Amino acid sequence: MSAESGDKSNAEDALFWRAEILQALYWMRGEGLASDAGPRDLASFLAADPVIIARELDRLAIEGFLDVELSREDDRRYRLAPRGVEEGGRAFHDEFADVTHPAHWECCEDCWCHDPDHAGEPCPLHTKAHSGNSAT
């Protein structure tokens with residue numbers, strides 16, 4: 001294997017782990033399961049080697065995607081930094097767009113409120129959901 005192909009493989013691995021880790025942390029945060037995680041937590045969740053996850057968490061912290069905290073046991077805990085929230089959310093939504101759909105009282109992509117001719121007009125479904133009125 002040439003050094004060039006080794007670099008490509010490392011870059012692909014880094015992109016893979018960035019997406020996996022940020023998506024996992026974004027999902028865990030969004031579901032209220034955890035606001036931070038350690039390497040062993042994520043390794044268990046992602047079915048991966050904890051050594052690899054620890055290395056990738058440190059790399060993501062250096063790149064500004066994660067903030068690092070020390071727990072009482074002197075273990076590192078990682079939480080999404082603003083950049084990580086943005087990238088994790090984008091990656092999560094891209095990955096799961098086919099299985100996530102609007103919830104009750106949320107409009108869909110083809111709702112008239114998404115039409116540029118109605119820009120700035122409130123969506124009637126959002127208005128009902130926020131006002132607590134279920135009847136029109």
# chains A, B, ... in the order shown; residues from 1 in each chain; ligands from 1

call {"tool": "residues_around", "arguments": {"residues": "Arg55 of chain A", "least_positions_apart": "6", "cutoff": "12 Å", "atoms": "only C-alpha atoms", "output": "mmCIF file with N, CA and C atoms, in the first residue's frame"}}
result
data_model
loop_
_atom_site.group_PDB
_atom_site.id
_atom_site.type_symbol
_atom_site.label_atom_id
_atom_site.label_comp_id
_atom_site.auth_asym_id
_atom_site.auth_seq_id
_atom_site.Cartn_x
_atom_site.Cartn_y
_atom_site.Cartn_z
ATOM 1 N N ASP A 13 -11.553 7.186 7.032
ATOM 2 C CA ASP A 13 -11.869 6.723 8.384
ATOM 3 C C ASP A 13 -12.241 7.904 9.282
ATOM 4 N N ALA A 14 -11.484 8.982 9.180
ATOM 5 C CA ALA A 14 -11.754 10.162 10.007
ATOM 6 C C ALA A 14 -13.131 10.738 9.697
ATOM 7 N N TRP A 17 -15.818 8.305 11.162
ATOM 8 C CA TRP A 17 -15.976 8.398 12.619
ATOM 9 C C TRP A 17 -16.536 9.753 13.035
ATOM 10 N N ARG A 18 -16.178 10.816 12.327
ATOM 11 C CA ARG A 18 -16.754 12.126 12.645
ATOM 12 C C ARG A 18 -18.264 12.069 12.506
ATOM 13 N N ILE A 21 -19.843 9.579 15.284
ATOM 14 C CA ILE A 21 -19.771 10.082 16.652
ATOM 15 C C ILE A 21 -20.661 11.306 16.831
ATOM 16 N N GLY A 38 -18.554 9.407 27.406
ATOM 17 C CA GLY A 38 -17.152 9.029 27.422
ATOM 18 C C GLY A 38 -16.870 8.023 26.322
ATOM 19 N N PRO A 39 -15.602 7.730 26.087
ATOM 20 C CA PRO A 39 -15.239 6.789 25.028
ATOM 21 C C PRO A 39 -15.900 5.419 25.179
ATOM 22 N N ARG A 40 -15.966 4.906 26.398
ATOM 23 C CA ARG A 40 -16.581 3.586 26.597
ATOM 24 C C ARG A 40 -18.070 3.611 26.310
ATOM 25 N N ALA A 43 -18.335 3.763 22.512
ATOM 26 C CA ALA A 43 -17.851 2.516 21.916
ATOM 27 C C ALA A 43 -18.911 1.427 22.055
ATOM 28 N N ALA A 48 -17.928 -0.442 18.705
ATOM 29 C CA ALA A 48 -16.589 -0.161 18.179
ATOM 30 C C ALA A 48 -15.542 -0.330 19.271
ATOM 31 N N ASP A 49 -14.298 -0.332 18.880
ATOM 32 C CA ASP A 49 -13.171 -0.438 19.801
ATOM 33 C C ASP A 49 -13.047 0.869 20.590
ATOM 34 N N ALA A 61 -12.341 16.929 19.324
ATOM 35 C CA ALA A 61 -12.207 18.036 20.276
ATOM 36 C C ALA A 61 -11.167 19.041 19.765
ATOM 37 N N ILE A 62 -10.059 18.553 19.260
ATOM 38 C CA ILE A 62 -9.019 19.434 18.707
ATOM 39 C C ILE A 62 -9.573 20.239 17.535
ATOM 40 N N ARG A 76 -12.447 11.374 30.749
ATOM 41 C CA ARG A 76 -12.853 12.453 29.850
ATOM 42 C C ARG A 76 -14.293 12.230 29.415
#

call {"tool": "select_by_dssp", "arguments": {"residues": "segment 41-76 of chain A", "states": "alpha helix (DSSP H)", "output": "ChimeraX atom specification"}}
result
/A:41-46,50-62

call {"tool": "select_by_dssp", "arguments": {"residues": "segment 27-71 of chain A", "states": "strand (DSSP E)", "output": "PyMOL selection string"}}
result
chain A and resi 66-70

call {"tool": "closest_residue", "arguments": {"among": "A:Ala47, A:Ile52, A:Ala81, A:Leu57", "to": "Ser35 of chain A", "atoms": "only C-alpha atoms"}}
result
A:Ala81

call {"tool": "closest_residue", "arguments": {"among": "A:Glu95, A:Glu20, A:Asp67, A:Asp117", "to": "Leu80 of chain A", "atoms": "only C-alpha atoms"}}
result
A:Asp67

call {"tool": "closest_residue", "arguments": {"among": "A:Ala91, A:Ile53, A:Leu46, A:Ala37", "to": "Ser71 of chain A", "atoms": "only C-alpha atoms"}}
result
A:Ala37

call {"tool": "atom_distance", "arguments": {"atom1": "atom CA of Leu33 of chain A", "atom2": "atom CA of Arg83 of chain A"}}
result
20.3 Å

call {"tool": "closest_residue", "arguments": {"among": "A:Asp41, A:Glu31, A:Asp94, A:Asp36", "to": "Val68 of chain A", "atoms": "only C-alpha atoms"}}
result
A:Asp36

call {"tool": "decode", "arguments": {"residues": "segment 16-57 of chain A", "atoms": "C-alpha atoms", "output": "short mmCIF file (atom, residue, chain, number, x, y, z; two decimals), in the first residue's frame"}}
result
data_model
loop_
_atom_site.label_atom_id
_atom_site.label_comp_id
_atom_site.auth_asym_id
_atom_site.auth_seq_id
_atom_site.Cartn_x
_atom_site.Cartn_y
_atom_site.Cartn_z
CA PHE A 16 -16.66 8.10 8.88
CA TRP A 17 -15.98 8.40 12.62
CA ARG A 18 -16.75 12.13 12.65
CA ALA A 19 -20.19 11.45 11.18
CA GLU A 20 -20.88 8.44 13.42
CA ILE A 21 -19.77 10.08 16.65
CA LEU A 22 -21.41 13.46 16.04
CA GLN A 23 -24.67 11.80 14.95
CA ALA A 24 -24.68 9.59 18.04
CA LEU A 25 -24.03 12.51 20.38
CA TYR A 26 -26.63 14.65 18.57
CA TRP A 27 -29.24 11.88 18.82
CA MET A 28 -28.46 11.13 22.48
CA ARG A 29 -28.73 14.82 23.32
CA GLY A 30 -31.94 15.27 21.34
CA GLU A 31 -33.59 12.28 22.99
CA GLY A 32 -32.55 13.48 26.45
CA LEU A 33 -30.44 10.37 27.03
CA ALA A 34 -27.17 12.16 27.72
CA SER A 35 -25.64 15.58 27.24
CA ASP A 36 -22.13 14.13 27.23
CA ALA A 37 -20.45 10.75 26.84
CA GLY A 38 -17.15 9.03 27.42
CA PRO A 39 -15.24 6.79 25.03
CA ARG A 40 -16.58 3.59 26.60
CA ASP A 41 -20.19 4.84 26.40
CA LEU A 42 -19.88 5.64 22.72
CA ALA A 43 -17.85 2.52 21.92
CA SER A 44 -20.63 0.39 23.39
CA PHE A 45 -23.31 2.37 21.55
CA LEU A 46 -21.44 2.26 18.22
CA ALA A 47 -20.16 -1.33 18.67
CA ALA A 48 -16.59 -0.16 18.18
CA ASP A 49 -13.17 -0.44 19.80
CA PRO A 50 -12.96 2.02 22.74
CA VAL A 51 -9.35 2.87 21.80
CA ILE A 52 -10.46 4.02 18.34
CA ILE A 53 -13.38 6.00 19.77
CA ALA A 54 -11.13 7.68 22.37
CA ARG A 55 -8.67 8.68 19.63
CA GLU A 56 -11.45 10.04 17.42
CA LEU A 57 -13.09 11.93 20.30
#
